[in-house]
Each structure stands twice: as structure tokens, then as C-alpha cells.
Amino acid sequence: NFDIEGHPSMANEMTAAFAELRTRARFQNPLMQISFCHVIFPADPNLRRGYDIVSLIQRDLVDFIMVMAYDMNWIRTECVENATSCWDPTQEPGVGNIPRPNAPIRGILAGINQYESMGIPAAKLVVGLPWYGYTSECRTDNAGDACEMPCDGANMTDCARVSKQMPFKEIAVLLATGASTTGVVYDAPSASAWADYIDPMSLRRHRVWFDTPDTLAIKMAALRQVGVRGVGFWESGSLQYEDNGSNGSESAVSQTQEMWDAIAAFAASTKHY
């Protein structure tokens, strides 16, 4: 799997390199698969990286594209001409300096439509989903109230200053220990969840948007319906695999199993290529 996030001006050279790689890989091991990571919205002029992903697929230089369907809370995308490929971030619960879901289902499906409109079928896509969330500081401390981050909503760099990734294992412990002041709140339109808590260091209210085994199962079911090749996750270290005896650890391990069970259910009902 190749994740190249720079040098877009060398798209032709990269395509040629993958052609040589494919030839050499097949000589070494005919069963070897090659994949390439790419953004969730390949048609958006603000996001596309300039790589010729259509040639990579149509010339059979890679077996599939690994679609990075996360970090959409920071995206301010433009709608493209094909209405089915259009995702308006203002549809989501927050805009500007209001925290938003990491991987809203509407955005994921719009991204799949963009790939298909470019001539890349869903069967050539493996969709990467997050095993982490984003926690953001709120201006006020009243649990459940709208969370407005103390930043300039038009400046995503400024808002990133008061927001950071949180692995699911930390979120699971936070919820299991009763540290959340709201408990899990599900947002049906985005198929995501959020919870408020008081950060022990700053003593300020924070809101964390994240995915649970249930919300990811909803997204995987939708992806199965559109015929994607499979799903992947970033990343396995975000889950807790052993009970270390600390408060909330047992629950975090239990939810790790639920995460993997959801993947097993997806795999059992999906066409194998």
C-alpha cells in the first residue's frame, strides 16, 4: 500500500513508476496486490492531489484505491457538477468553529459517487474509516449546549489549535468511567456520535466526535450496498486489546471486540474479489 501525499507535479513519473512496479511485482509474486491511498473527494479542486488515479486503475497498475474517508471535519469542499457527487458540509451538525463529525456518511457516499463519475467503479475502492475521533475545546462549560470552539471559524488552522485526535480506546475509557457529562449522543444524519466531558488538564468542557461499533456498522452496511471492494481502518493501535486493570479498561477491550465483530459481519456479507 502506497500513501504518497506530496509531489503532485510528478504525476506522469509516478504512473510510470507504478507500471514498472506492477511488472516487477508480478514477476516476483503473481498474487501480490498493490494499492494507492487517495482523498475522499477526488473531483474537488481544493483537495485532489493531481495524481492520475484513473490511469492507475484503468491500466491495472494498482488493484484498488484506498479511500481515506476521514478528517472531513476540516474539509470545506466545493460541490461538483454531478449532483449525486455533491456534499455540502453545512448539512452536518456544525459549521465554522462548531465541531463536526469526522466521517459523516453523506460525505463518504458522495465521495464514492465522485470516484464512479471519474470512471473508477466502487469495486475498485477500499474505504478507510476512522478508529479515532476529534476532541475540541468549547467556549462554555454547560454540558450539552452548543459547542463553539474558541477560534476563528474561517481559519481551519486556528481551529486545529483547539482540536486534536483522540483514539477510540481513550474515548471508550472516558465513557466507561462516567467522565462524560452527556453520555453518548447519536447523530443519525451523519451516523456518528459525540459526547461532552471536562478535560482534567484545562478544566474546560470538550466535545469529542467519534464512531462506535454501531455507527461504523451503519456506514459499512451503506458501503456494502454501493458495492465497494472492502473497508479498512486507521488504525489498529487506536483500540485497546488487553485489560490492564485500570478503570474502564475492561469496557474498552469489550468494545474492541465489537469493532472487529462489525468488520467480520461486513466481510461475511460482501462479495470477495
# chains A, B, ... in the order shown; residues from 1 in each chain; ligands from 1
>>> residues_around(residues="region 143-154 of chain A", least_positions_apart="5", cutoff="6 Å", atoms="only C-alpha atoms", output="list in words")
Gly96, Asn97, Ile98, Glu137, Cys138, Cys159 and Thr181 of chain A
>>> closest_atom_pairs(of="region 217-236 of chain A", to="region 64-75 of chain A", cutoff="10 Å", atoms="only C-alpha atoms", output="Markdown table")
| residue | atom | partner | partner_atom | distance |
| --- | --- | --- | --- | --- |
| A:Arg229 | CA | A:Phe64 | CA | 8.1 |
| A:Gly230 | CA | A:Met66 | CA | 9.3 |
| A:Val231 | CA | A:Met66 | CA | 8.6 |
| A:Gly232 | CA | A:Met66 | CA | 8.1 |
| A:Phe233 | CA | A:Met68 | CA | 9.1 |
| A:Trp234 | CA | A:Met68 | CA | 8.8 |
>>> select_by_dssp(residues="region 12-233 of chain A", states="strand (DSSP E)", output="ChimeraX atom specification")
/A:35-39,64-68,125-130,132-137,163-167,185-187,192-198,205-210,230-233
>>> write_last_selection(atoms="C-alpha atoms", output="short mmCIF file (atom, residue, chain, number, x, y, z; two decimals), in the first residue's frame")
data_model
loop_
_atom_site.label_atom_id
_atom_site.label_comp_id
_atom_site.auth_asym_id
_atom_site.auth_seq_id
_atom_site.Cartn_x
_atom_site.Cartn_y
_atom_site.Cartn_z
CA SER A 35 -2.97 -0.28 -3.58
CA PHE A 36 -2.79 3.50 -3.53
CA CYS A 37 -4.18 5.86 -0.88
CA HIS A 38 -6.20 8.84 -2.05
CA VAL A 39 -8.54 11.55 -0.76
CA PHE A 64 -7.57 -0.85 -5.71
CA ILE A 65 -7.66 2.68 -4.31
CA MET A 66 -7.60 3.05 -0.53
CA VAL A 67 -10.03 5.92 0.05
CA MET A 68 -9.24 7.95 3.16
CA LEU A 125 -12.36 1.06 -3.79
CA VAL A 126 -11.46 0.03 -0.26
CA VAL A 127 -12.84 2.66 2.10
CA GLY A 128 -10.74 3.64 5.10
CA LEU A 129 -12.80 4.52 8.19
CA PRO A 130 -11.58 6.02 11.48
CA TYR A 132 -10.37 7.71 16.31
CA GLY A 133 -12.32 10.89 16.91
CA TYR A 134 -11.65 14.59 17.36
CA THR A 135 -11.94 16.34 20.69
CA SER A 136 -12.44 20.10 20.70
CA GLU A 137 -12.47 22.74 23.41
CA SER A 163 -8.93 20.35 18.49
CA LYS A 164 -6.96 17.12 18.38
CA GLN A 165 -7.33 13.46 17.53
CA MET A 166 -8.41 11.06 20.27
CA PRO A 167 -8.04 7.29 19.77
CA VAL A 185 -25.29 11.27 21.84
CA TYR A 186 -26.03 9.75 18.43
CA ASP A 187 -26.41 11.95 15.36
CA SER A 192 -21.77 9.44 14.13
CA ALA A 193 -21.70 10.10 17.86
CA TRP A 194 -20.49 12.77 20.24
CA ALA A 195 -20.02 13.28 23.97
CA ASP A 196 -19.08 16.16 26.24
CA TYR A 197 -16.60 15.92 29.10
CA ILE A 198 -14.49 18.17 31.31
CA ARG A 205 -15.63 21.44 28.51
CA HIS A 206 -14.65 19.49 25.45
CA ARG A 207 -16.76 17.76 22.81
CA VAL A 208 -15.48 14.65 21.10
CA TRP A 209 -16.98 13.42 17.83
CA PHE A 210 -16.31 9.74 17.13
CA GLY A 230 -13.89 -3.61 1.19
CA VAL A 231 -13.15 -1.44 4.19
CA GLY A 232 -10.07 -0.63 6.21
CA PHE A 233 -9.36 1.36 9.37
#
>>> atom_distance(atom1="CA of Leu21 (chain A)", atom2="CA of Ile53 (chain A)")
15.3 Å
>>> atom_distance(atom1="CA of Ala265 (chain A)", atom2="CA of Arg224 (chain A)")
10.9 Å
>>> closest_residue(among="A:Leu56, A:Ala17, A:Ala217, A:Ala176", to="Glu250 (chain A)", atoms="only C-alpha atoms")
A:Ala176
>>> atom_distance(atom1="CA of Asp199 (chain A)", atom2="CA of Gly237 (chain A)")
22.6 Å
>>> select_by_dssp(residues="region 42-182 of chain A", states="helix (DSSP H, G or I)", output="PyMOL selection string")
chain A and resi 53-58+72-74+83-85+89-91+105-117+122-124+156-160+168-176
>>> closest_residue(among="A:Ile105, A:Ile171, A:Met32, A:Met10", to="Val253 (chain A)", atoms="only C-alpha atoms")
A:Ile171
>>> residues_around(residues="region 256-261 of chain A", least_positions_apart="2", cutoff="9 Å", atoms="only C-alpha atoms", output="compact mmCIF listing (two decimals) with N, CA and C atoms, in the first residue's frame")
# COMPACT_ATOMS: atom_id res chain seq x y z
N TRP A 131 -10.83 4.82 13.42
CA TRP A 131 -10.93 4.29 14.77
C TRP A 131 -10.44 5.36 15.75
N PHE A 168 -9.90 5.75 19.82
CA PHE A 168 -11.14 5.22 20.37
C PHE A 168 -10.92 4.60 21.75
N LYS A 169 -9.75 4.01 22.00
CA LYS A 169 -9.53 3.39 23.31
C LYS A 169 -9.64 4.42 24.43
N THR A 212 -18.69 4.67 16.87
CA THR A 212 -18.82 3.49 17.72
C THR A 212 -18.94 2.26 16.84
N PRO A 213 -18.90 1.06 17.40
CA PRO A 213 -19.17 -0.13 16.58
C PRO A 213 -20.50 -0.03 15.84
N ASP A 214 -21.51 0.56 16.49
CA ASP A 214 -22.83 0.68 15.86
C ASP A 214 -22.82 1.66 14.68
N LEU A 216 -20.25 2.61 12.89
CA LEU A 216 -19.44 2.06 11.80
C LEU A 216 -20.18 0.93 11.08
N ALA A 217 -20.98 0.17 11.81
CA ALA A 217 -21.78 -0.88 11.16
C ALA A 217 -22.77 -0.27 10.18
N LEU A 239 -7.24 1.00 19.22
CA LEU A 239 -8.10 0.17 20.06
C LEU A 239 -7.31 -0.45 21.20
N GLN A 240 -8.00 -0.86 22.25
CA GLN A 240 -7.36 -1.47 23.42
C GLN A 240 -7.61 -2.98 23.39
N TYR A 241 -6.53 -3.76 23.44
CA TYR A 241 -6.65 -5.20 23.27
C TYR A 241 -6.46 -5.99 24.56
N SER A 251 -14.09 -2.41 29.74
CA SER A 251 -15.09 -1.97 28.77
C SER A 251 -14.44 -1.63 27.43
N ALA A 252 -13.27 -0.99 27.47
CA ALA A 252 -12.57 -0.64 26.23
C ALA A 252 -12.19 -1.89 25.44
N VAL A 253 -11.74 -2.93 26.13
CA VAL A 253 -11.40 -4.19 25.48
C VAL A 253 -12.65 -4.83 24.87
N SER A 254 -13.76 -4.78 25.59
CA SER A 254 -15.00 -5.33 25.09
C SER A 254 -15.44 -4.62 23.81
N ILE A 263 -16.62 -5.73 11.61
CA ILE A 263 -15.89 -5.98 10.37
C ILE A 263 -16.18 -7.39 9.87
N ALA A 264 -16.21 -8.35 10.78
CA ALA A 264 -16.48 -9.74 10.40
C ALA A 264 -17.87 -9.86 9.77
N ALA A 265 -18.83 -9.13 10.32
CA ALA A 265 -20.19 -9.16 9.76
C ALA A 265 -20.21 -8.57 8.36
N PHE A 266 -19.44 -7.49 8.17
CA PHE A 266 -19.34 -6.88 6.83
C PHE A 266 -18.71 -7.86 5.85
